[in-house]
Structure formats: C-alpha cells, structure tokens
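**Q** Here it is: the structure, laid out below.
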Amino acid sequence: MEDHEIVELYWRRDEEALRAAQSKYGGYCLHIAAGILADRQDAEECVSDTWLRSWNAMPPHRPGCLRLFLGKITRELACDRARARNARKRGGGVCLEALEELAECLPAAHGTEEAAEARELERAVNAFLHTLSEQACSVFLRRYWYAEALEEIAVRYGLKVNTVKTSLFRTRQKLRAYLEKEELIP
C-alpha cells in the first residue's frame, strides 16, 4: 500500500491505517528505537506508542513523507524513554552521548519563538546535510538520527572508530560554521 493511501486511511479514521503502517514501517521504527534504547522490550513499547501517537496526530497533521513522520515520532518516544531511564539510574547511553556531542553546535530552545526557530533550524540542518559527501552525511545521520554507536558505524562503513570520531568532529565543526553563517547561532 502506498503512503498516501495509508495517510488517507488515517484521515478516514480507519483502523486499517494502523495495520498498514505497522506492516510497512514496523521494522524501520523498531530499528530506530532499538538503536537508541538498546533494549528490545523498551523498543517494542516505543513502536507500539508510535502507532497511538500517529493515530492522534492525523488528522489534523497530513505528513508529506509517512516514513519520516513515523520515524520522528519513534525517535522522540525512544529519546524520552532513554532520558527517563537515565534520570532514574544516571548511567550513560548512546542517545544522550550523541545529543551531548551535538549540543556544542546547536542552539538551545528558549521562549515562545521556539517552534519557529526549530523549523528554521531544521531547514538549515537539512540544507547543510545536502552539502556533505554521501559517506559523511550517512555517518552523521547514523550517529545523530539513529543514535548508533561509533563501533557500529565503523563496522558498517569499514572504517576505524577513530576515523568515525574524526569525521563526526569535522562535520560538527562544519555544521557550527554553517549555522553561524546562517545567523542561527552566535
């Protein structure tokens, strides 16, 4: 079933939308959640919560890309769960580690203008990603979207861990310079 047909089912409040979305994107969402949480049961619960949140979001929201819409929901839920779990036991985690790495080049959200600023920041980061080589972009997304461990990324691309670290460091520096040029950070 095509994405636009699944979205239309959501808009008609047809429960078949949930089955179709789960069938088509369940594995994708599970991969995202498992990469962040490293716990199969927590990841499965996040994916289940994804279907509920998507049901509640459509309507009024009509996503242009269902895959990214569901992936974003799953990622948010998984990061929330990881933060809650780590708040309880104050341990490390790939998700928190990755977010800390990005914190040095992304501005913090403040005040009522937060939504507009977040949209502009999202646009700028997407534009920046299009300036990167395919491998640099893939490594960056694997780390900061999928929250993969450095070792996993290194194996995936046949690189040394230090090469991955260096690539990510340089990409973050380029991102910071790009965002400064766009006047999104001081």
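Simple scheme: letters A, B, ... for chains in structure tokens order, numbers from 1 for residues in each chain, numbers from 1 for ligands in the order shown.
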If we count only C-alpha atoms and set the cut-off at 10 Å, which residues sit around Gly64 (chain A), ignoring sequence neighbours fewer than 5 positions away in its own chain? Please answer as number ranges by chain.

**A** A: 3-4, 7, 69

**Q** Mind dumping the selected residues with C-alpha atoms as a short mmCIF file (atom, residue, chain, number, x, y, z; two decimals), in the first residue's frame?

**A**
data_model
loop_
_atom_site.label_atom_id
_atom_site.label_comp_id
_atom_site.auth_asym_id
_atom_site.auth_seq_id
_atom_site.Cartn_x
_atom_site.Cartn_y
_atom_site.Cartn_z
CA ASP A 3 1.97 6.04 1.79
CA HIS A 4 -0.70 8.46 0.57
CA VAL A 7 -2.45 8.59 5.31
CA PHE A 69 6.87 11.18 10.17
#

**Q** If we count only C-alpha atoms and set the cut-off at 12 Å, which residues sit around Gly27 (chain A), ignoring sequence neighbours fewer than 6 positions away in its own chain? Please answer as JSON, numbers by chain.

**A** {"A": [21, 33, 34, 43, 44, 47, 48, 67, 70, 71, 74]}

**Q** May I have the residues from that selection written out with N, CA and C atoms, as a PDB file, in the first residue's frame?

**A**
ATOM      1  N   ALA A  21       0.455   0.742   8.371  1.00  0.00           N
ATOM      2  CA  ALA A  21       1.666   1.455   8.795  1.00  0.00           C
ATOM      3  C   ALA A  21       2.603   0.512   9.533  1.00  0.00           C
ATOM      4  N   ALA A  33      14.212   2.752  17.365  1.00  0.00           N
ATOM      5  CA  ALA A  33      14.042   2.664  18.819  1.00  0.00           C
ATOM      6  C   ALA A  33      15.115   1.784  19.452  1.00  0.00           C
ATOM      7  N   ALA A  34      15.423   0.664  18.828  1.00  0.00           N
ATOM      8  CA  ALA A  34      16.428  -0.255  19.380  1.00  0.00           C
ATOM      9  C   ALA A  34      17.813   0.382  19.381  1.00  0.00           C
ATOM     10  N   ALA A  43      12.117  -0.906  23.190  1.00  0.00           N
ATOM     11  CA  ALA A  43      11.996  -0.502  21.791  1.00  0.00           C
ATOM     12  C   ALA A  43      10.634  -0.907  21.232  1.00  0.00           C
ATOM     13  N   GLU A  44      10.189  -2.114  21.536  1.00  0.00           N
ATOM     14  CA  GLU A  44       8.878  -2.575  21.057  1.00  0.00           C
ATOM     15  C   GLU A  44       7.752  -1.731  21.642  1.00  0.00           C
ATOM     16  N   VAL A  47       7.601   1.518  19.767  1.00  0.00           N
ATOM     17  CA  VAL A  47       6.980   1.343  18.456  1.00  0.00           C
ATOM     18  C   VAL A  47       5.462   1.245  18.614  1.00  0.00           C
ATOM     19  N   SER A  48       4.997   0.538  19.631  1.00  0.00           N
ATOM     20  CA  SER A  48       3.554   0.476  19.892  1.00  0.00           C
ATOM     21  C   SER A  48       2.998   1.865  20.178  1.00  0.00           C
ATOM     22  N   ARG A  67       7.102   7.801   6.168  1.00  0.00           N
ATOM     23  CA  ARG A  67       8.255   7.115   6.765  1.00  0.00           C
ATOM     24  C   ARG A  67       8.988   8.027   7.748  1.00  0.00           C
ATOM     25  N   LEU A  70       6.726   8.867  10.892  1.00  0.00           N
ATOM     26  CA  LEU A  70       6.712   7.781  11.874  1.00  0.00           C
ATOM     27  C   LEU A  70       8.078   7.621  12.539  1.00  0.00           C
ATOM     28  N   GLY A  71       9.145   7.774  11.767  1.00  0.00           N
ATOM     29  CA  GLY A  71      10.493   7.685  12.322  1.00  0.00           C
ATOM     30  C   GLY A  71      10.750   8.770  13.349  1.00  0.00           C
ATOM     31  N   THR A  74       8.858   7.892  16.553  1.00  0.00           N
ATOM     32  CA  THR A  74       9.547   6.802  17.247  1.00  0.00           C
ATOM     33  C   THR A  74      10.804   7.318  17.935  1.00  0.00           C
TER      34      THR A  74
END

**Q** Looking only at the backbone, which of the residues in chain A does DSSP tag as helix (DSSP H, G or I), as a ChimeraX atom specification?

**A** /A:3-11,16-37,40-57,66-89,94-103,114-129,134-144,150-157,161-181

**Q** Of the candidates A:Ile73, A:Tyr178, A:Ala78, A:Ser23, which shows the shortest atom-to-atom distance to Arg40 (chain A), using only C-alpha atoms?

**A**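 Checking each candidate against Arg40 (chain A), we get A:Ala78 as the closest.
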
**Q** Report as a Markdown table: every residue of region 110-159 of chain A with an atom at most 10 Å from region 163-168 of chain A, its closest pair of atoms, and their distance in Å to one decimal, counting only C-alpha atoms, with rows sorted by chain and ascending residue number.

**A**
| residue | atom | partner | partner_atom | distance |
| --- | --- | --- | --- | --- |
| A:Gln135 | CA | A:Ser167 | CA | 9.6 |
| A:Ala136 | CA | A:Ser167 | CA | 6.9 |
| A:Cys137 | CA | A:Leu168 | CA | 9.5 |
| A:Val139 | CA | A:Leu168 | CA | 7.4 |
| A:Phe140 | CA | A:Leu168 | CA | 6.3 |
| A:Leu141 | CA | A:Leu168 | CA | 10.0 |
| A:Arg143 | CA | A:Leu168 | CA | 8.4 |
| A:Tyr144 | CA | A:Leu168 | CA | 9.7 |
| A:Leu150 | CA | A:Val164 | CA | 6.7 |
| A:Glu151 | CA | A:Val164 | CA | 8.5 |
| A:Ile153 | CA | A:Val164 | CA | 7.3 |
| A:Ala154 | CA | A:Val164 | CA | 6.2 |
| A:Tyr157 | CA | A:Val164 | CA | 9.2 |
| A:Gly158 | CA | A:Val164 | CA | 9.9 |
| A:Leu159 | CA | A:Thr163 | CA | 6.3 |

**Q** Could you work out how far CA of Leu132 (chain A) lies from CA of Pro186 (chain A), giving the answer in Å with one decimal?

**A**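 A separation of 22.5 Å between them.
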
**Q** Just the number, please: distance in Å from CA of Ala57 (chain A) to CA of Met1 (chain A), one decimal.

**A** 20.2 Å

**Q** Choose the residue, out of A:Arg75, A:Lys181, A:Lys160, A:Arg119, that has the smallest atom-to-atom separation from Tyr28 (chain A); count only C-alpha atoms.

**A**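 Of A:Arg75, A:Lys181, A:Lys160, A:Arg119, the one nearest Tyr28 (chain A) is A:Arg75, counting only C-alpha atoms.
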